[in-house]
>>> print(open('target_11.cif').read())   # mmCIF, C-alpha atoms
data_my_file
#
loop_
_atom_site.label_atom_id
_atom_site.label_comp_id
_atom_site.auth_asym_id
_atom_site.auth_seq_id
_atom_site.Cartn_x
_atom_site.Cartn_y
_atom_site.Cartn_z
CA MET A 1 175.37 219.34 -36.25
CA ILE A 2 174.96 216.07 -38.07
CA LYS A 3 177.50 215.45 -40.78
CA ASN A 4 177.02 213.59 -44.03
CA ASN A 5 179.29 210.71 -43.18
CA ASN A 6 178.18 208.78 -40.18
CA SER A 7 179.12 205.57 -38.53
CA SER A 8 175.79 203.87 -39.10
CA GLY A 9 176.34 203.96 -42.83
CA HIS A 10 173.30 205.85 -43.99
CA ILE A 11 173.18 209.37 -45.31
CA ASN A 12 171.45 211.59 -42.90
CA ASP A 13 172.29 215.25 -43.39
CA GLY A 14 170.32 216.32 -40.39
CA PHE A 15 167.25 214.24 -40.94
CA HIS A 16 166.07 210.92 -39.72
CA ALA A 17 166.42 207.64 -41.49
CA PHE A 18 162.87 206.49 -40.70
CA GLU A 19 161.50 202.99 -40.67
CA GLU A 20 164.68 201.08 -41.47
CA HIS A 21 166.63 202.60 -38.63
CA THR A 22 167.67 200.37 -35.76
CA HIS A 23 168.35 202.39 -32.67
CA ASN A 24 170.63 200.56 -30.32
CA HIS A 25 172.46 203.22 -28.36
CA GLY A 26 171.41 206.04 -26.08
CA HIS A 27 171.49 209.81 -26.41
CA GLU A 28 171.17 212.82 -24.23
CA HIS A 29 168.28 215.11 -25.07
CA GLY A 30 169.00 216.96 -28.26
CA GLU A 31 172.22 215.05 -28.93
CA HIS A 32 173.00 214.49 -32.59
CA CYS A 33 175.68 211.85 -32.87
CA GLY A 34 175.13 211.37 -36.55
CA CYS A 35 173.20 208.11 -36.35
CA GLY A 36 170.02 209.86 -37.33
CA GLU A 37 168.22 209.39 -34.03
CA ASN A 38 168.23 211.34 -30.81
CA ALA A 39 166.34 211.67 -27.60
CA CYS A 40 163.46 214.13 -27.57
CA ASN A 41 160.73 214.92 -25.12
CA ASP A 42 157.96 213.89 -27.44
CA HIS A 43 159.81 211.36 -29.54
CA ASP A 44 157.46 208.62 -30.67
CA GLY A 45 160.08 206.73 -32.65
CA SER A 46 158.15 206.54 -35.89
CA HIS A 47 158.69 210.07 -37.22
CA ALA A 48 155.74 209.49 -39.49
CA ASN A 49 154.06 212.55 -38.03
CA LEU A 50 157.13 214.73 -38.53
CA TYR A 51 158.11 214.35 -42.12
CA ALA A 52 156.61 213.10 -45.29
CA ALA A 53 157.22 209.66 -46.76
CA SER A 54 160.79 208.43 -46.37
CA ASN A 55 161.35 208.53 -50.13
CA GLU A 56 160.69 212.28 -50.05
CA ILE A 57 163.78 213.13 -48.04
CA PRO A 58 166.44 214.99 -50.03
CA GLY A 59 170.21 214.75 -50.10
CA ILE A 60 171.73 217.81 -48.48
CA TYR A 61 175.14 219.41 -48.62
CA SER A 62 175.43 222.41 -46.34
CA ASP A 63 178.68 224.01 -45.28
CA GLU A 64 180.56 227.23 -44.65
CA ILE A 65 184.05 227.36 -46.10
CA LYS A 66 186.84 229.82 -46.73
CA ILE A 67 187.68 230.33 -50.38
CA LEU A 68 191.17 231.35 -51.49
CA LEU A 69 190.81 232.56 -55.08
CA LYS A 70 193.25 231.44 -57.75
CA LYS A 71 194.08 235.11 -58.31
CA GLU A 72 192.78 238.46 -57.10
CA THR A 73 189.43 239.02 -58.81
CA LYS A 74 186.90 241.82 -59.06
CA TRP A 75 183.55 241.19 -57.37
CA GLY A 76 181.77 241.35 -60.71
CA ALA A 77 183.93 238.57 -62.18
CA PHE A 78 183.69 236.58 -58.96
CA THR A 79 179.90 236.73 -59.20
CA GLY A 80 180.21 235.32 -62.72
CA SER A 81 182.43 232.48 -61.49
CA LEU A 82 179.92 231.59 -58.78
CA ALA A 83 177.13 231.66 -61.36
CA ASN A 84 179.14 229.34 -63.65
CA TRP A 85 179.74 226.96 -60.76
CA ILE A 86 176.04 226.84 -59.90
CA GLU A 87 175.05 226.51 -63.55
CA GLY A 88 177.50 223.62 -64.09
CA SER A 89 176.15 221.90 -60.99
CA ARG A 90 172.56 222.53 -62.07
CA LEU A 91 173.14 221.05 -65.52
CA TRP A 92 174.87 217.99 -64.09
CA LEU A 93 172.04 217.41 -61.58
CA ARG A 94 169.33 217.80 -64.20
CA SER A 95 171.11 215.59 -66.72
CA ASN A 96 171.21 212.86 -64.07
CA LYS A 97 167.48 213.28 -63.33
CA PHE A 98 167.98 214.62 -59.82
CA LEU A 99 165.43 217.20 -58.68
CA ILE A 100 166.87 220.43 -57.32
CA GLY A 101 164.92 221.55 -54.27
CA HIS A 102 166.95 224.68 -53.59
CA ILE A 103 170.52 225.89 -54.01
CA LYS A 104 171.47 228.87 -51.82
CA ILE A 105 174.87 230.57 -51.74
CA PHE A 106 175.96 233.46 -49.52
CA ALA A 107 179.41 234.99 -50.08
CA ALA A 108 180.79 237.39 -47.50
CA GLY A 109 183.83 239.57 -48.15
CA THR A 110 185.21 242.43 -46.07
CA ASN A 111 183.33 245.58 -45.02
CA SER A 112 179.85 244.03 -45.18
CA LYS A 113 180.16 243.25 -48.88
CA THR A 114 177.89 240.26 -49.38
CA LEU A 115 176.39 238.43 -52.29
CA TRP A 116 173.45 235.99 -52.36
CA LEU A 117 172.64 233.60 -55.17
CA ALA A 118 169.81 231.10 -55.29
CA THR A 119 168.10 228.82 -57.77
CA THR A 120 165.42 226.17 -57.73
CA GLY A 121 166.81 224.73 -60.94
CA ARG A 122 165.20 227.34 -63.17
CA SER A 123 166.56 230.90 -63.27
CA LEU A 124 169.38 232.11 -61.03
CA ASN A 125 168.55 234.95 -58.63
CA THR A 126 171.33 237.26 -57.46
CA LYS A 127 171.23 239.94 -54.77
CA TYR A 128 173.99 242.26 -53.57
CA SER A 129 174.26 243.96 -50.21
CA PRO A 130 174.01 247.79 -50.37
CA GLU A 131 177.75 247.95 -49.60
CA LEU A 132 178.54 245.93 -52.73
CA ILE A 133 176.06 247.28 -55.28
CA ASN A 134 178.29 250.14 -56.41
CA CYS A 135 181.62 248.49 -55.62
CA ARG A 136 181.69 245.55 -57.98
CA ASN A 137 184.95 246.82 -59.51
CA GLU A 138 186.72 246.31 -56.21
CA SER A 139 188.90 243.23 -55.85
CA LEU A 140 188.97 240.34 -53.44
CA ASP A 141 191.33 237.41 -52.98
CA SER A 142 189.30 235.41 -50.47
CA CYS A 143 185.86 235.21 -48.91
CA ARG A 144 183.66 233.10 -46.69
CA LEU A 145 181.16 231.05 -48.62
CA SER A 146 178.02 229.61 -47.02
CA MET A 147 176.14 227.14 -49.16
CA THR A 148 173.20 224.78 -48.96
CA PHE A 149 172.33 222.34 -51.73
CA ILE A 150 169.02 220.48 -51.26
CA VAL A 151 168.50 217.90 -53.98
CA PHE A 152 166.09 215.01 -54.24
CA LYS A 153 166.98 211.49 -55.40
CA ILE A 154 170.68 211.82 -54.67
CA GLY A 155 172.70 210.92 -51.57
CA GLY A 156 174.45 213.60 -49.56
CA ASP A 157 177.95 212.15 -50.00
CA ARG A 158 177.78 212.07 -53.77
CA LEU A 159 176.22 215.53 -53.85
CA LYS A 160 179.04 216.97 -51.73
CA LYS A 161 181.73 215.37 -53.91
CA GLU A 162 180.27 216.70 -57.16
CA ILE A 163 179.68 220.20 -55.78
CA LEU A 164 183.17 220.61 -54.33
CA GLU A 165 184.88 219.29 -57.46
CA ARG A 166 183.09 221.90 -59.53
CA LEU A 167 183.82 224.59 -56.95
CA GLU A 168 187.56 223.96 -57.24
CA GLU A 169 187.38 224.01 -61.04
CA ASN A 170 185.46 227.30 -61.19
CA ILE A 171 186.53 229.28 -58.16
CA GLY A 172 189.65 228.20 -56.33
CA ILE A 173 190.99 226.42 -53.29
CA TYR A 174 188.65 225.95 -50.37
CA LYS A 175 189.23 225.32 -46.69
CA THR A 176 186.57 223.96 -44.40
CA MET B 1 154.77 251.23 -1.40
CA LYS B 2 153.46 253.50 -4.07
CA TRP B 3 156.62 252.95 -6.12
CA VAL B 4 156.35 249.17 -5.75
CA LEU B 5 152.71 249.23 -6.81
CA GLY B 6 153.56 251.45 -9.74
CA ARG B 7 156.28 249.14 -10.91
CA THR B 8 154.08 246.07 -10.50
CA PHE B 9 151.33 247.69 -12.49
CA SER B 10 153.79 248.62 -15.19
CA ASN B 11 154.97 245.03 -15.54
CA VAL B 12 151.43 243.69 -15.65
CA GLU B 13 150.48 246.28 -18.22
CA LYS B 14 153.47 245.36 -20.35
CA LYS B 15 152.61 241.67 -20.35
CA LEU B 16 148.94 242.29 -21.15
CA ARG B 17 149.96 242.77 -24.76
CA LEU B 18 150.11 239.42 -26.49
CA MET B 19 152.31 238.57 -29.45
CA LYS B 20 150.77 237.70 -32.80
CA ILE B 21 152.41 234.73 -34.49
CA ILE B 22 152.67 233.95 -38.20
CA ILE B 23 154.06 230.53 -39.18
CA PHE B 24 155.43 230.28 -42.74
CA VAL B 25 155.67 226.80 -44.21
CA GLY B 26 156.28 225.72 -47.80
CA PHE B 27 158.50 223.62 -50.01
CA VAL B 28 162.19 224.54 -50.32
CA GLY B 29 162.58 227.33 -52.85
CA SER B 30 158.90 228.25 -52.83
CA GLY B 31 159.72 231.85 -51.83
CA LYS B 32 159.13 231.90 -48.07
CA THR B 33 162.09 234.17 -47.25
CA SER B 34 161.28 236.66 -50.01
CA LEU B 35 157.66 236.87 -48.86
CA ILE B 36 158.72 237.26 -45.25
CA LEU B 37 160.97 240.16 -46.27
CA SER B 38 157.97 241.79 -47.94
CA LEU B 39 155.72 241.20 -44.93
CA ALA B 40 158.43 242.42 -42.54
CA ARG B 41 158.78 245.65 -44.50
CA HIS B 42 155.02 246.04 -44.34
CA ILE B 43 154.94 245.52 -40.58
CA VAL B 44 157.89 247.67 -39.51
CA GLY B 45 158.48 249.97 -42.47
CA ASP B 46 161.79 250.54 -44.24
CA THR B 47 163.67 251.46 -41.08
CA PRO B 48 163.34 248.92 -38.27
CA PRO B 49 162.71 250.70 -34.93
CA ALA B 50 165.17 250.48 -32.02
CA LYS B 51 162.75 248.33 -30.01
CA PRO B 52 161.82 245.35 -32.17
CA LYS B 53 158.21 245.35 -33.27
CA LEU B 54 158.87 242.13 -35.11
CA VAL B 55 161.19 239.18 -34.46
CA ILE B 56 161.78 236.53 -37.11
CA ILE B 57 162.62 232.95 -36.12
CA GLU B 58 164.51 231.01 -38.78
CA ASN B 59 164.65 227.22 -38.90
CA GLU B 60 166.73 226.09 -41.86
CA ILE B 61 167.78 222.80 -43.34
CA GLY B 62 171.50 222.13 -43.18
CA ASP B 63 174.54 222.86 -41.07
CA VAL B 64 174.75 226.52 -42.01
CA SER B 65 172.10 229.17 -42.06
CA ILE B 66 171.78 231.40 -45.12
CA ASP B 67 168.27 232.87 -44.97
CA ASP B 68 169.01 234.49 -41.63
CA LYS B 69 171.95 236.33 -43.19
CA VAL B 70 169.67 237.65 -45.92
CA LEU B 71 167.07 238.78 -43.38
CA LYS B 72 169.70 240.35 -41.11
CA THR B 73 171.06 242.27 -44.11
CA GLY B 74 167.60 243.87 -44.22
CA GLY B 75 168.09 245.03 -40.64
CA TYR B 76 165.59 242.68 -39.05
CA ASN B 77 165.86 240.98 -35.68
CA VAL B 78 166.42 237.29 -36.42
CA THR B 79 166.71 234.30 -34.10
CA GLU B 80 168.15 231.13 -35.59
CA LEU B 81 166.98 227.59 -35.03
CA PHE B 82 169.17 225.37 -37.13
CA GLY B 83 167.72 222.48 -39.06
CA GLY B 84 168.26 218.96 -37.92
CA CYS B 85 165.79 217.21 -35.74
CA VAL B 86 162.61 219.19 -35.99
CA CYS B 87 160.98 217.11 -33.29
CA CYS B 88 163.68 218.35 -30.94
CA GLN B 89 164.24 221.87 -32.22
CA LEU B 90 160.61 222.73 -32.60
CA THR B 91 159.51 221.55 -29.23
CA SER B 92 162.25 222.61 -26.85
CA ASP B 93 164.29 225.16 -28.81
CA LEU B 94 161.29 226.82 -30.39
CA THR B 95 159.47 227.07 -27.07
CA ASN B 96 162.56 228.51 -25.39
CA SER B 97 163.06 231.00 -28.19
CA ILE B 98 159.45 232.18 -28.15
CA ASN B 99 159.45 232.58 -24.38
CA ASP B 100 162.83 234.39 -24.42
CA ILE B 101 161.59 236.75 -27.10
CA TYR B 102 158.45 237.46 -25.06
CA ASP B 103 160.49 238.20 -21.93
CA LYS B 104 163.26 240.24 -23.57
CA TYR B 105 161.66 242.06 -26.50
CA ASP B 106 157.90 241.75 -26.10
CA PRO B 107 157.37 242.37 -29.83
CA GLU B 108 153.99 242.76 -31.40
CA TRP B 109 154.76 240.16 -34.07
CA ILE B 110 156.78 236.97 -34.43
CA ILE B 111 157.24 235.37 -37.83
CA ILE B 112 158.46 231.76 -37.84
CA GLU B 113 160.03 230.50 -41.06
CA ALA B 114 159.98 226.70 -40.94
CA THR B 115 162.20 224.46 -43.02
CA GLY B 116 160.91 223.42 -46.41
CA LEU B 117 160.24 219.95 -45.05
CA ALA B 118 158.15 220.92 -42.02
CA TYR B 119 154.43 220.67 -41.38
CA PRO B 120 152.42 223.48 -39.78
CA SER B 121 150.57 221.26 -37.31
CA LYS B 122 153.66 220.13 -35.40
CA ILE B 123 154.76 223.72 -34.85
CA LEU B 124 151.24 224.83 -34.00
CA ASP B 125 150.87 222.04 -31.43
CA THR B 126 154.14 223.00 -29.79
CA LEU B 127 153.20 226.67 -29.55
CA GLN B 128 149.76 225.94 -28.18
CA LYS B 129 151.09 223.53 -25.58
CA TYR B 130 154.18 225.34 -24.34
CA GLY B 131 154.34 228.90 -25.63
CA ARG B 132 153.60 231.97 -23.50
CA GLY B 133 152.24 235.40 -24.34
CA MET B 134 150.73 234.57 -27.70
CA THR B 135 147.48 235.25 -29.46
CA ASP B 136 146.18 234.84 -32.97
CA ILE B 137 148.49 232.23 -34.51
CA LYS B 138 148.23 232.13 -38.30
CA THR B 139 149.60 229.36 -40.48
CA ILE B 140 150.63 230.22 -44.01
CA THR B 141 151.81 227.75 -46.64
CA VAL B 142 153.66 229.11 -49.65
CA VAL B 143 152.97 227.16 -52.84
CA ASP B 144 155.45 227.21 -55.73
CA SER B 145 153.17 227.48 -58.78
CA GLU B 146 156.09 227.36 -61.22
CA ARG B 147 157.20 223.88 -60.10
CA TRP B 148 153.85 222.57 -58.84
CA THR B 149 153.42 219.77 -61.37
CA GLU B 150 156.98 218.56 -60.92
CA LEU B 151 156.96 218.73 -57.13
CA ILE B 152 153.60 217.07 -56.60
CA ASP B 153 155.00 214.06 -58.50
CA ILE B 154 158.17 213.84 -56.42
CA THR B 155 156.93 214.82 -52.92
CA PRO B 156 153.13 214.41 -52.89
CA VAL B 157 152.85 213.52 -49.20
CA LEU B 158 154.86 216.51 -48.04
CA LEU B 159 153.03 219.03 -50.23
CA GLU B 160 149.60 217.72 -49.38
CA LYS B 161 150.31 217.80 -45.66
CA GLN B 162 151.77 221.30 -45.83
CA ILE B 163 148.69 222.58 -47.66
CA SER B 164 146.04 220.61 -45.79
CA GLU B 165 147.20 222.03 -42.44
CA CYS B 166 147.37 225.73 -43.35
CA GLY B 167 144.89 228.53 -42.86
CA ILE B 168 146.19 230.61 -45.75
CA ALA B 169 147.78 229.36 -48.99
CA LEU B 170 149.96 231.93 -50.76
CA ILE B 171 150.33 230.78 -54.35
CA ASN B 172 153.63 232.35 -55.36
CA LYS B 173 155.47 232.96 -58.66
CA VAL B 174 152.26 233.71 -60.54
CA ASP B 175 154.32 235.85 -62.92
CA LEU B 176 156.08 232.71 -64.17
CA VAL B 177 153.07 230.58 -65.13
CA SER B 178 150.23 230.75 -67.64
CA LYS B 179 146.64 231.33 -66.57
CA GLU B 180 145.84 227.67 -67.30
CA VAL B 181 148.64 226.42 -65.07
CA LEU B 182 147.69 228.85 -62.32
CA ASP B 183 144.05 227.74 -62.47
CA GLN B 184 145.18 224.13 -62.17
CA VAL B 185 147.33 224.90 -59.12
CA VAL B 186 144.47 226.79 -57.46
CA ASN B 187 142.07 223.91 -58.13
CA ASP B 188 144.53 221.37 -56.74
CA VAL B 189 145.12 223.45 -53.60
CA LYS B 190 141.36 223.87 -53.11
CA LYS B 191 140.88 220.12 -53.40
CA ILE B 192 143.54 219.49 -50.75
CA ASN B 193 142.28 222.19 -48.39
CA PRO B 194 138.85 223.63 -49.27
CA ALA B 195 138.87 225.81 -46.15
CA ALA B 196 142.15 227.60 -46.84
CA GLU B 197 142.09 231.21 -47.91
CA ILE B 198 143.93 231.38 -51.23
CA VAL B 199 145.99 234.40 -52.28
CA LYS B 200 147.84 234.58 -55.61
CA LEU B 201 150.99 236.72 -55.69
CA SER B 202 154.57 237.10 -56.82
CA ALA B 203 157.33 237.78 -54.32
CA VAL B 204 159.52 239.46 -56.93
CA ARG B 205 156.89 242.08 -57.63
CA GLU B 206 155.78 244.79 -55.26
CA ILE B 207 153.09 243.13 -53.19
CA ASP B 208 149.92 245.12 -52.75
CA THR B 209 149.74 246.08 -49.09
CA GLY B 210 146.08 245.13 -49.21
CA ILE B 211 147.16 241.51 -49.62
CA TRP B 212 148.99 241.49 -46.29
CA GLY B 213 146.14 243.39 -44.68
CA LYS B 214 143.64 240.87 -45.95
CA ALA B 215 145.70 237.73 -45.43
CA VAL B 216 147.18 238.35 -42.02
CA ASP B 217 145.34 241.45 -40.75
CA VAL B 218 148.51 243.53 -40.84
CA ASN B 219 147.16 247.00 -41.43
CA ASP B 220 149.02 249.02 -38.85
CA LYS B 221 152.20 249.90 -40.72
CA LYS B 222 154.24 252.51 -38.89
#
>>> encode(input="target_11.cif", output="structure tokens")
Amino acid sequence: MIKNNNSSGHINDGFHAFEEHTHNHGHEHGEHCGCGENACNDHDGSHANLYAASNEIPGIYSDEIKILLKKETKWGAFTGSLANWIEGSRLWLRSNKFLIGHIKIFAAGTNSKTLWLATTGRSLNTKYSPELINCRNESLDSCRLSMTFIVFKIGGDRLKKEILERLEENIGIYKT
Amino acid sequence: MKWVLGRTFSNVEKKLRLMKIIIFVGFVGSGKTSLILSLARHIVGDTPPAKPKLVIIENEIGDVSIDDKVLKTGGYNVTELFGGCVCCQLTSDLTNSINDIYDKYDPEWIIIEATGLAYPSKILDTLQKYGRGMTDIKTITVVDSERWTELIDITPVLLEKQISECGIALINKVDLVSKEVLDQVVNDVKKINPAAEIVKLSAVREIDTGIWGKAVDVNDKK
């Protein structure tokens, strides 16, 4: 998949860089080298028919990481820490006039215990898997965390930096 | 000879049933996944059958997929198409996925959840050109009434294209807005697409089964 940092210097995050893009190297069909272009069967080069105006493309940070918690924590408290992390990020984004498209978090522990949190910048929605609903007093010391932050008017690199800094403050050490 | 004929007839009979397709489009966070969960429950019931009656195709923005995990937690059969280049994914990968699903599962329904930045027409064109075994393709755009005013300022081109190309507009989150705001959203949607069927609902509330029956002709819950 396309990563945030790419050699051509623009932030891409999986989407094309539109009119300004100069395409001077080749690709195999479906290849994503990170430059923001690729070779497709019906590629017309303009992308105008694929997405909206180029200023409507969001910054995206999307990743799956392993979290090692600072100390063993109960699922209930861990949910609170995740909520604090999202809330801190939300407040920072709003105070800087960035528009949150969607923030989605999926935490997976052992034995099918999973937790989903999402916000569009308003209220925070939380859902537990059936295996976790009645087991929130059980402890965990690590989990796999999938996350996607889609935010308008901010670049992907800056978004990633801010999100991960707050993650470390609120939750613990992460490993990509 | 009789056995061969019997088998041939059986295969022909199997492939006479065509899949019904529902394409869900809508801005990120508008509630597509929640509404799909509701519709999926309506189609297959609370306990998904051993042979899939419904397959959901997920196309998400980003390097990791989250919505598919939520849908799989509900026990549904989900095929992932990661985000990235929609002009690539939704022509070759989507076509391959649809045709694979037709060959392997032969479900009655396929629901496609597009990314929040996709347009219905591109997907529809791809399906009509390259897809096999399909009938009755419906395009649904989910509209976020709570954030409508804010979003139409920031991404007017995207929202207008998503709405202008749909057959059905589901105006979601009606529980979070006043009647005046809701009326304004409905009027704006009608201006963009006068032909669209408009349905007002809230994904967090129990959705009247009549809505799904009316909107997408799904009346045969088993």
>>> interface_residues(input="target_11.cif", of="chain B", to="chain A", cutoff="6 Å", atoms="only C-alpha atoms", output="list in words")
Val28, Gly29, Gly62, Asp63, Val64, Gly84, Cys88, Thr155, Val157 and Leu158 of chain B
>>> residues_near_point(input="target_11.cif", point="(174.3, 233.6, -63.8)", cutoff="9 Å", atoms="all atoms listed in the file", output="PDB file with C-alpha atoms, in the frame of the given file")
ATOM      1  CA  THR A  79     179.900 236.730 -59.200  1.00  0.00           C
ATOM      2  CA  GLY A  80     180.210 235.320 -62.720  1.00  0.00           C
ATOM      3  CA  SER A  81     182.430 232.480 -61.490  1.00  0.00           C
ATOM      4  CA  LEU A  82     179.920 231.590 -58.780  1.00  0.00           C
ATOM      5  CA  ALA A  83     177.130 231.660 -61.360  1.00  0.00           C
ATOM      6  CA  ASN A  84     179.140 229.340 -63.650  1.00  0.00           C
ATOM      7  CA  ILE A  86     176.040 226.840 -59.900  1.00  0.00           C
ATOM      8  CA  GLU A  87     175.050 226.510 -63.550  1.00  0.00           C
ATOM      9  CA  LEU A 117     172.640 233.600 -55.170  1.00  0.00           C
ATOM     10  CA  SER A 123     166.560 230.900 -63.270  1.00  0.00           C
ATOM     11  CA  LEU A 124     169.380 232.110 -61.030  1.00  0.00           C
ATOM     12  CA  ASN A 125     168.550 234.950 -58.630  1.00  0.00           C
ATOM     13  CA  THR A 126     171.330 237.260 -57.460  1.00  0.00           C
TER      14      THR A 126
END
>>> atom_distance(input="target_11.cif", atom1="CA of Arg205 in chain B", atom2="CA of Asp175 in chain B")
8.6 Å
>>> closest_residue(input="target_11.cif", among="B:Ser30, B:Thr79, B:Ser164, B:Ser92", to="Trp148 in chain B", atoms="all atoms listed in the file")
B:Ser30
>>> closest_residue(input="target_11.cif", among="B:Ile110, B:Leu159, B:Leu117, B:Val181", to="Leu94 in chain B", atoms="all atoms listed in the file")
B:Ile110
>>> resolve_selection(input="target_11.cif", expression="the PyMOL selection byres ((chain B and resi 165) around 8)", output="number ranges by chain")
B: 119-121, 139, 161-164, 166-167, 193
>>> atom_distance(input="target_11.cif", atom1="CA of Glu162 in chain A", atom2="CA of Ile65 in chain A")
15.8 Å
>>> closest_residue(input="target_11.cif", among="B:Leu39, B:Leu151, B:Ile98, B:Val25", to="Ala215 in chain B", atoms="all atoms listed in the file")
B:Leu39
>>> atom_distance(input="target_11.cif", atom1="CA of Glu206 in chain B", atom2="CA of Ala118 in chain B")
27.4 Å
>>> residues_around(input="target_11.cif", residues="range 101-104 of chain B", least_positions_apart="6", cutoff="12 Å", atoms="all atoms listed in the file", output="MDAnalysis selection string")
chainID B and resid 11 14:21 51:57 77:79 94:95 110:111 131:134
>>> residues_around(input="target_11.cif", residues="Gly76 in chain A", least_positions_apart="2", cutoff="10 Å", atoms="only C-alpha atoms", output="PyMOL selection string")
chain A and resi 73-74+78-81+132-133+135-139
>>> resolve_selection(input="target_11.cif", expression="the PyMOL selection byres ((chain B and resi 38) around 10)", output="ChimeraX atom specification")
/B:32-37,39-43,45,203-209,212
>>> axis_aligned_box(input="target_11.cif", around="range 168-175 of chain B", padding_each_side="5 Å", output="lines of an AutoDock Vina configuration file")
center_x = 150.8
center_y = 232.6
center_z = -54.3
size_x = 19.3
size_y = 16.5
size_z = 27.2
>>> build_atoms(input="target_11.cif", residues="range 36-53 of chain B", atoms="N, CA and C atoms", output="JSON list (two decimals), in the coordinates of the input")
[["chain", "number", "residue", "atom", "x", "y", "z"],
["B", 36, "ILE", "N", 158.56, 236.76, -46.62],
["B", 36, "ILE", "CA", 158.72, 237.26, -45.25],
["B", 36, "ILE", "C", 159.37, 238.65, -45.27],
["B", 37, "LEU", "N", 160.36, 238.84, -46.16],
["B", 37, "LEU", "CA", 160.97, 240.16, -46.27],
["B", 37, "LEU", "C", 159.92, 241.21, -46.63],
["B", 38, "SER", "N", 159.03, 240.86, -47.54],
["B", 38, "SER", "CA", 157.97, 241.79, -47.94],
["B", 38, "SER", "C", 157.03, 242.08, -46.77],
["B", 39, "LEU", "N", 156.64, 241.03, -46.07],
["B", 39, "LEU", "CA", 155.72, 241.20, -44.93],
["B", 39, "LEU", "C", 156.41, 242.00, -43.81],
["B", 40, "ALA", "N", 157.69, 241.71, -43.59],
["B", 40, "ALA", "CA", 158.43, 242.42, -42.54],
["B", 40, "ALA", "C", 158.50, 243.91, -42.84],
["B", 41, "ARG", "N", 158.76, 244.23, -44.11],
["B", 41, "ARG", "CA", 158.78, 245.65, -44.50],
["B", 41, "ARG", "C", 157.42, 246.28, -44.26],
["B", 42, "HIS", "N", 156.37, 245.52, -44.53],
["B", 42, "HIS", "CA", 155.02, 246.04, -44.34],
["B", 42, "HIS", "C", 154.72, 246.28, -42.86],
["B", 43, "ILE", "N", 155.22, 245.40, -42.01],
["B", 43, "ILE", "CA", 154.94, 245.52, -40.58],
["B", 43, "ILE", "C", 155.75, 246.67, -39.95],
["B", 44, "VAL", "N", 157.05, 246.71, -40.25],
["B", 44, "VAL", "CA", 157.89, 247.67, -39.51],
["B", 44, "VAL", "C", 158.31, 248.88, -40.34],
["B", 45, "GLY", "N", 158.03, 248.86, -41.64],
["B", 45, "GLY", "CA", 158.48, 249.97, -42.47],
["B", 45, "GLY", "C", 159.90, 249.73, -42.94],
["B", 46, "ASP", "N", 160.46, 250.71, -43.66],
["B", 46, "ASP", "CA", 161.79, 250.54, -44.24],
["B", 46, "ASP", "C", 162.90, 250.62, -43.20],
["B", 47, "THR", "N", 162.64, 251.32, -42.11],
["B", 47, "THR", "CA", 163.67, 251.46, -41.08],
["B", 47, "THR", "C", 163.19, 250.79, -39.80],
["B", 48, "PRO", "N", 163.77, 249.61, -39.49],
["B", 48, "PRO", "CA", 163.34, 248.92, -38.27],
["B", 48, "PRO", "C", 163.56, 249.79, -37.03],
["B", 49, "PRO", "N", 162.57, 249.87, -36.13],
["B", 49, "PRO", "CA", 162.71, 250.70, -34.93],
["B", 49, "PRO", "C", 163.71, 250.10, -33.94],
["B", 50, "ALA", "N", 164.18, 250.94, -33.00],
["B", 50, "ALA", "CA", 165.17, 250.48, -32.02],
["B", 50, "ALA", "C", 164.61, 249.31, -31.21],
["B", 51, "LYS", "N", 163.37, 249.45, -30.74],
["B", 51, "LYS", "CA", 162.75, 248.33, -30.01],
["B", 51, "LYS", "C", 162.02, 247.46, -31.04],
["B", 52, "PRO", "N", 162.40, 246.19, -31.12],
["B", 52, "PRO", "CA", 161.82, 245.35, -32.17],
["B", 52, "PRO", "C", 160.30, 245.26, -32.09],
["B", 53, "LYS", "N", 159.65, 245.57, -33.19],
["B", 53, "LYS", "CA", 158.21, 245.35, -33.27],
["B", 53, "LYS", "C", 157.95, 243.94, -33.79]]
